[in-house]
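Structure file upload29.csv (CSV, C-alpha atoms) follows.
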chain,number,residue,atom,x,y,z
A,1,MET,CA,118.2,130.6,94.7
A,2,THR,CA,116.2,130.0,97.8
A,3,ALA,CA,117.1,127.2,100.1
A,4,VAL,CA,114.8,124.2,100.3
A,5,GLN,CA,112.3,124.8,103.1
A,6,MET,CA,112.7,122.4,106.0
A,7,VAL,CA,109.7,121.4,108.1
A,8,PRO,CA,110.7,119.9,111.5
A,9,GLU,CA,109.1,116.6,112.2
A,10,ALA,CA,110.8,116.1,115.6
A,11,PRO,CA,113.7,117.6,117.3
A,12,GLY,CA,116.9,116.9,115.4
A,13,ALA,CA,115.0,115.2,112.5
A,14,PRO,CA,114.0,117.8,109.8
A,15,ILE,CA,112.3,116.7,106.6
A,16,THR,CA,111.7,118.4,103.3
A,17,VAL,CA,108.5,119.8,102.0
A,18,ALA,CA,108.4,117.1,99.4
A,19,SER,CA,108.7,114.4,102.0
A,20,THR,CA,105.9,116.1,104.0
A,21,GLY,CA,103.7,116.1,100.8
A,22,TRP,CA,104.1,112.4,100.3
A,23,ARG,CA,103.2,111.7,104.0
A,24,LEU,CA,100.1,113.9,103.6
A,25,ALA,CA,99.1,112.0,100.5
A,26,VAL,CA,99.5,108.7,102.3
A,27,ARG,CA,97.4,110.0,105.2
A,28,ARG,CA,94.7,111.3,102.8
A,29,PHE,CA,94.7,108.0,101.0
A,30,ARG,CA,94.2,106.0,104.2
A,31,HIS,CA,91.2,108.1,105.1
A,32,ASN,CA,89.6,107.2,101.8
A,33,THR,CA,87.6,104.1,102.8
A,34,LEU,CA,86.7,103.1,99.2
A,35,ALA,CA,90.3,103.4,98.0
A,36,VAL,CA,91.6,101.3,101.0
A,37,ILE,CA,88.9,98.7,100.2
A,38,GLY,CA,90.0,98.6,96.6
A,39,LEU,CA,93.7,98.2,97.6
A,40,VAL,CA,92.7,95.3,99.9
A,41,VAL,CA,90.7,93.7,97.1
A,42,ILE,CA,93.7,94.0,94.7
A,43,VAL,CA,96.0,92.4,97.3
A,44,VAL,CA,93.6,89.5,97.9
A,45,ILE,CA,93.1,88.9,94.2
A,46,VAL,CA,96.8,88.9,93.6
A,47,LEU,CA,97.4,86.4,96.4
A,48,PHE,CA,94.5,84.3,95.1
A,49,CYS,CA,95.9,84.1,91.6
A,50,PHE,CA,99.6,83.8,92.4
A,51,VAL,CA,99.7,81.9,95.7
A,52,GLY,CA,96.4,80.1,95.4
A,53,PRO,CA,97.6,77.5,92.8
A,54,PHE,CA,100.2,76.3,95.4
A,55,LEU,CA,97.5,75.8,98.0
A,56,TYR,CA,94.9,74.4,95.6
A,57,PRO,CA,96.9,72.6,92.8
A,58,THR,CA,94.9,71.5,89.7
A,59,ASP,CA,95.7,70.2,86.2
A,60,GLN,CA,94.9,73.0,83.8
A,61,THR,CA,96.7,71.4,80.8
A,62,HIS,CA,95.2,68.0,80.2
A,63,THR,CA,91.6,67.3,79.5
A,64,GLN,CA,89.5,65.0,81.7
A,65,LEU,CA,86.3,64.4,79.8
A,66,SER,CA,85.0,62.0,82.5
A,67,GLN,CA,85.0,65.0,84.9
A,68,ALA,CA,83.3,67.4,82.5
A,69,ASN,CA,80.5,69.8,83.5
A,70,LEU,CA,80.4,68.7,87.1
A,71,ALA,CA,78.4,71.0,89.5
A,72,PRO,CA,80.2,72.6,92.5
A,73,SER,CA,81.0,70.0,95.2
A,74,ALA,CA,83.5,69.2,97.9
A,75,GLY,CA,85.9,67.8,95.2
A,76,HIS,CA,85.5,70.7,92.9
A,77,LEU,CA,84.5,73.8,94.8
A,78,LEU,CA,83.4,75.7,91.7
A,79,GLY,CA,82.6,72.7,89.5
A,80,THR,CA,84.4,71.8,86.2
A,81,ASP,CA,84.2,73.1,82.6
A,82,ALA,CA,83.4,71.3,79.4
A,83,VAL,CA,86.8,69.5,79.2
A,84,GLY,CA,87.0,68.6,82.9
A,85,HIS,CA,89.2,71.5,84.1
A,86,ASP,CA,88.6,72.6,87.7
A,87,VAL,CA,86.9,76.0,87.5
A,88,LEU,CA,88.4,77.4,90.7
A,89,GLY,CA,91.9,76.4,89.6
A,90,ARG,CA,91.2,77.8,86.1
A,91,LEU,CA,90.0,81.0,87.7
A,92,MET,CA,93.4,81.3,89.5
A,93,TYR,CA,95.3,80.4,86.3
A,94,GLY,CA,93.3,82.8,84.1
A,95,GLY,CA,93.6,85.5,86.7
A,96,LYS,CA,97.3,85.2,86.7
A,97,VAL,CA,97.4,85.8,82.9
A,98,SER,CA,94.9,88.7,83.1
A,99,LEU,CA,96.8,90.5,85.9
A,100,MET,CA,100.2,89.9,84.2
A,101,VAL,CA,99.0,91.3,80.9
A,102,GLY,CA,96.9,94.1,82.4
A,103,ILE,CA,99.6,95.4,84.8
A,104,ALA,CA,102.5,95.0,82.3
A,105,ALA,CA,100.5,96.6,79.5
A,106,GLY,CA,99.4,99.5,81.8
A,107,ILE,CA,103.0,100.2,82.9
A,108,LEU,CA,104.2,100.0,79.2
A,109,ALA,CA,101.4,102.4,78.1
A,110,THR,CA,102.3,104.8,81.0
A,111,VAL,CA,106.0,104.8,80.2
A,112,VAL,CA,105.5,105.4,76.5
A,113,GLY,CA,102.9,108.1,77.1
A,114,THR,CA,105.0,109.8,79.8
A,115,LEU,CA,108.0,110.0,77.5
A,116,TRP,CA,105.9,111.2,74.5
A,117,GLY,CA,104.0,113.8,76.5
A,118,SER,CA,107.0,115.1,78.4
A,119,VAL,CA,109.0,115.7,75.2
A,120,ALA,CA,106.0,117.3,73.4
A,121,GLY,CA,105.2,119.6,76.3
A,122,TYR,CA,108.8,120.6,77.0
A,123,VAL,CA,110.0,121.2,73.4
A,124,GLY,CA,106.7,123.0,72.4
A,125,GLY,CA,106.3,124.7,69.1
A,126,TRP,CA,105.8,122.8,65.9
A,127,VAL,CA,107.2,119.6,67.5
A,128,ASP,CA,104.5,119.7,70.1
A,129,ALA,CA,101.9,120.4,67.4
A,130,VAL,CA,102.9,117.4,65.3
A,131,MET,CA,103.2,115.0,68.3
A,132,MET,CA,99.8,116.0,69.6
A,133,ARG,CA,98.2,115.6,66.2
A,134,VAL,CA,99.5,112.0,66.2
A,135,VAL,CA,97.9,111.5,69.6
A,136,ASP,CA,94.6,113.1,68.4
A,137,ALA,CA,94.5,110.8,65.4
A,138,GLY,CA,95.2,107.8,67.6
A,139,ILE,CA,92.5,108.7,70.1
A,140,ALA,CA,90.0,109.0,67.2
A,141,ILE,CA,90.4,105.3,66.4
A,142,PRO,CA,88.8,103.0,69.0
A,143,ALA,CA,91.4,100.8,70.7
A,144,LEU,CA,89.1,97.8,70.5
A,145,PHE,CA,88.9,98.1,66.7
A,146,ILE,CA,92.7,98.2,66.5
A,147,LEU,CA,93.0,95.2,68.7
A,148,LEU,CA,90.5,93.2,66.7
A,149,VAL,CA,92.3,94.0,63.4
A,150,ILE,CA,95.7,93.0,64.9
A,151,SER,CA,94.3,89.9,66.5
A,152,ALA,CA,92.7,88.9,63.2
A,153,ILE,CA,96.1,89.2,61.4
A,154,THR,CA,98.2,87.4,64.0
A,155,THR,CA,97.7,85.1,67.1
A,156,PRO,CA,99.3,87.0,70.0
A,157,GLY,CA,100.6,85.2,73.0
A,158,VAL,CA,100.9,86.7,76.5
A,159,TRP,CA,103.9,89.0,75.5
A,160,GLY,CA,102.3,89.9,72.2
A,161,LEU,CA,99.2,91.0,74.0
A,162,ILE,CA,101.2,93.1,76.4
A,163,VAL,CA,103.0,94.9,73.6
A,164,ILE,CA,99.9,95.4,71.5
A,165,LEU,CA,97.8,96.7,74.5
A,166,GLY,CA,100.6,99.0,75.6
A,167,LEU,CA,101.0,100.5,72.2
A,168,VAL,CA,97.3,101.3,71.8
A,169,SER,CA,96.8,102.6,75.3
A,170,TRP,CA,99.5,105.3,75.7
A,171,LEU,CA,97.6,108.1,74.2
A,172,VAL,CA,95.6,109.3,77.2
A,173,PRO,CA,98.6,109.3,79.6
A,174,SER,CA,100.6,111.3,77.0
A,175,ARG,CA,98.1,114.1,77.1
A,176,LEU,CA,98.0,114.2,80.9
A,177,ILE,CA,101.8,114.3,81.2
A,178,ARG,CA,102.0,117.0,78.4
A,179,ALA,CA,99.6,119.2,80.4
A,180,GLU,CA,101.7,118.7,83.5
A,181,THR,CA,105.0,119.4,81.7
A,182,LEU,CA,103.6,122.7,80.2
A,183,THR,CA,103.0,123.9,83.8
A,184,LEU,CA,106.3,122.7,85.2
A,185,LYS,CA,108.7,123.8,82.5
A,186,ASN,CA,108.2,127.5,83.4
A,187,ARG,CA,109.1,127.0,87.1
A,188,ASP,CA,112.1,128.8,88.4
A,189,TYR,CA,114.2,125.6,89.0
A,190,VAL,CA,113.8,124.6,85.3
A,191,LEU,CA,114.5,128.0,84.0
A,192,THR,CA,117.6,128.2,86.2
A,193,LEU,CA,118.9,124.9,84.9
A,194,ARG,CA,118.5,126.0,81.3
A,195,ALA,CA,120.2,129.4,82.1
A,196,ILE,CA,123.4,127.6,83.4
A,197,GLY,CA,123.6,125.4,80.3
A,198,GLY,CA,121.7,122.3,81.5
A,199,SER,CA,120.6,119.9,78.8
A,200,HIS,CA,117.0,119.2,77.8
A,201,ALA,CA,117.4,115.6,78.8
A,202,ARG,CA,118.5,116.7,82.3
A,203,ALA,CA,115.7,119.1,82.7
A,204,ILE,CA,113.2,116.4,81.8
A,205,GLY,CA,114.8,113.5,83.7
A,206,ARG,CA,115.8,115.4,86.8
A,207,HIS,CA,113.1,117.9,87.3
A,208,LEU,CA,110.0,117.5,85.1
A,209,LEU,CA,109.4,113.7,85.5
A,210,PRO,CA,110.1,113.5,89.2
A,211,ASN,CA,107.7,116.4,89.8
A,212,SER,CA,105.0,114.7,87.7
A,213,VAL,CA,105.2,111.4,89.6
A,214,SER,CA,101.8,111.8,91.2
A,215,THR,CA,100.2,112.3,87.8
A,216,ILE,CA,102.1,109.3,86.4
A,217,VAL,CA,101.1,107.0,89.3
A,218,VAL,CA,97.4,107.9,89.0
A,219,ALA,CA,97.5,107.5,85.2
A,220,ALA,CA,99.2,104.1,85.5
A,221,THR,CA,96.5,102.9,87.9
A,222,PHE,CA,93.7,103.7,85.5
A,223,GLN,CA,95.7,102.3,82.6
A,224,VAL,CA,96.0,98.9,84.3
A,225,ALA,CA,92.2,98.8,84.8
A,226,ASP,CA,91.6,99.7,81.2
A,227,ALA,CA,94.1,97.1,80.0
A,228,ILE,CA,92.5,94.3,82.0
A,229,LEU,CA,89.1,95.2,80.5
A,230,LEU,CA,90.6,95.2,77.0
A,231,VAL,CA,92.1,91.8,77.6
A,232,ALA,CA,88.7,90.6,78.6
A,233,TYR,CA,87.1,92.1,75.5
A,234,VAL,CA,89.5,90.6,73.1
A,235,SER,CA,89.6,87.2,74.8
A,236,TYR,CA,85.8,87.1,75.0
A,237,LEU,CA,85.7,87.4,71.2
A,238,GLY,CA,88.1,84.5,71.0
A,239,LEU,CA,91.2,86.6,69.9
A,240,GLY,CA,93.2,86.5,73.1
A,241,VAL,CA,95.7,84.0,74.4
A,242,GLN,CA,95.2,80.5,72.9
A,243,ALA,CA,94.5,77.2,74.7
A,244,PRO,CA,95.6,75.7,77.0
A,245,ALA,CA,96.3,79.2,78.3
A,246,THR,CA,93.3,81.3,79.2
A,247,ASP,CA,92.3,84.4,81.0
A,248,TRP,CA,89.1,85.6,82.6
A,249,GLY,CA,87.7,86.9,79.2
A,250,GLY,CA,88.4,83.5,77.6
A,251,MET,CA,86.6,81.8,80.5
A,252,LEU,CA,83.6,84.1,79.9
A,253,SER,CA,83.6,83.2,76.2
A,254,ALA,CA,83.9,79.5,76.8
A,255,GLY,CA,81.2,79.5,79.4
A,256,LEU,CA,78.6,81.7,77.7
A,257,THR,CA,76.7,79.0,75.9
A,258,ALA,CA,76.9,76.7,79.0
A,259,ALA,CA,75.2,79.4,81.1
A,260,TYR,CA,72.0,78.9,79.1
A,261,SER,CA,72.1,75.2,80.2
A,262,GLY,CA,72.1,76.2,83.9
A,263,ARG,CA,75.9,75.8,84.4
A,264,TRP,CA,76.2,79.2,86.1
A,265,TRP,CA,79.6,78.4,87.6
A,266,LEU,CA,81.3,78.7,84.2
A,267,ILE,CA,80.4,82.4,83.8
A,268,VAL,CA,79.6,84.0,87.2
A,269,PRO,CA,83.1,83.5,88.8
A,270,PRO,CA,85.2,85.0,86.0
A,271,GLY,CA,82.6,87.8,85.4
A,272,LEU,CA,82.7,88.8,89.1
A,273,ALA,CA,86.5,88.6,89.1
A,274,VAL,CA,86.7,91.1,86.2
A,275,ILE,CA,84.2,93.4,87.8
A,276,LEU,CA,86.0,93.3,91.2
A,277,VAL,CA,89.5,93.9,89.9
A,278,VAL,CA,88.6,96.7,87.5
A,279,CYS,CA,86.5,98.5,90.2
A,280,ALA,CA,89.3,98.0,92.7
A,281,PHE,CA,91.9,99.6,90.5
A,282,ASN,CA,89.5,102.4,89.6
A,283,ALA,CA,88.9,103.0,93.3
A,284,VAL,CA,92.6,103.1,94.1
A,285,GLY,CA,93.1,105.5,91.2
A,286,ASP,CA,90.4,107.8,92.5
A,287,GLY,CA,92.0,107.6,96.0
A,288,LEU,CA,95.5,108.4,94.6
A,289,ARG,CA,94.1,111.3,92.6
A,290,ASP,CA,92.4,112.8,95.6
A,291,ALA,CA,95.5,112.2,97.8
A,292,PHE,CA,97.8,114.0,95.4
A,293,ASP,CA,95.3,116.9,94.8
A,294,VAL,CA,97.1,119.9,96.3
A,295,ARG,CA,94.0,122.0,95.9
A,296,GLY,CA,92.3,119.9,98.6
A,297,ARG,CA,95.0,120.6,101.1
Can you give me the file's structure in the form of structure tokens?
Amino acid sequence: MTAVQMVPEAPGAPITVASTGWRLAVRRFRHNTLAVIGLVVIVVIVLFCFVGPFLYPTDQTHTQLSQANLAPSAGHLLGTDAVGHDVLGRLMYGGKVSLMVGIAAGILATVVGTLWGSVAGYVGGWVDAVMMRVVDAGIAIPALFILLVISAITTPGVWGLIVILGLVSWLVPSRLIRAETLTLKNRDYVLTLRAIGGSHARAIGRHLLPNSVSTIVVAATFQVADAILLVAYVSYLGLGVQAPATDWGGMLSAGLTAAYSGRWWLIVPPGLAVILVVCAFNAVGDGLRDAFDVRGR
């Protein structure tokens, strides 16, 4: 076996090639203006949704019909909705639900897809064929259709939405990780481990998955964006979290008819929020993909 190559960073402080690769990826990401802007937008939106309610407290539980449908003013910066809820406060509250569900569902989908794809790619043969046919069958069925059927049968809460979205969104990550595993499993370090009696679990857990981390991170970023969009779709159709809880899709659904009456503040803010956060996650995903692309180095 050859020794791990060392690249000197400074006198007396050598670092490995892997460490250098990560630093190059960070540098490439920082030079991607659109990706950096996307990251800043995500940070601002997270602070807005999770810290904002402490700075701008509102009652999002009880109705106040005497304050219903008020236009934006000094007292209510984005006006109020049909039951008197402050729209700015509701935007924070709904954003918290959308981000929690989207991020958790995206991570769950990535974890399930990573495990499925790595096992299929590593084992190969008829196991790989059967597992990938399951994935192909799942991809052939639109995720939105599955969500609508499940939501019509049951009324999911926040945790229910996370599980449902995660279990219908893992198919694409599994194909990506399988392709990566097929490439990595024939590398010398994996073949050496198998030659000395190392287990399959050790080969996957200690070598294949760590060397696929860039693909996993990029896939997770796009999965979060897709999950947030799916939450908005389902909630817009009235099948998301139930009142008094809400998310941005639920706000869009509730404000659609009011928009025809000139109450734009009920639909424009949540619509812009969904567009911004999805575009931001996609921009970060594109930046990470370019940063980890070794062909560009």
Exercise for the section: Provide the CA of Gln64 (chain A) to CA of Pro156 (chain A) distance in Å, to one decimal place. Expected result: 26.8 Å
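In this structure, CA of Val158 (chain A) sits 16.6 Å away from CA of Leu91 (chain A).
Nearest to Met251 (chain A) of all the residues A:Ser212, A:Thr192, A:Asn282, A:Ser235 is A:Ser235, counting only C-alpha atoms.
The closest residue to Ile146 (chain A), picked from A:Ala129, A:Val234, A:Leu78, A:Val83 and counting only C-alpha atoms, is A:Val234.
Between Val168 (chain A) and the candidates A:Leu148, A:Ile204, A:Val224, A:Ala109, the tightest atom-to-atom separation, counting all atoms listed in the file, involves A:Ala109.
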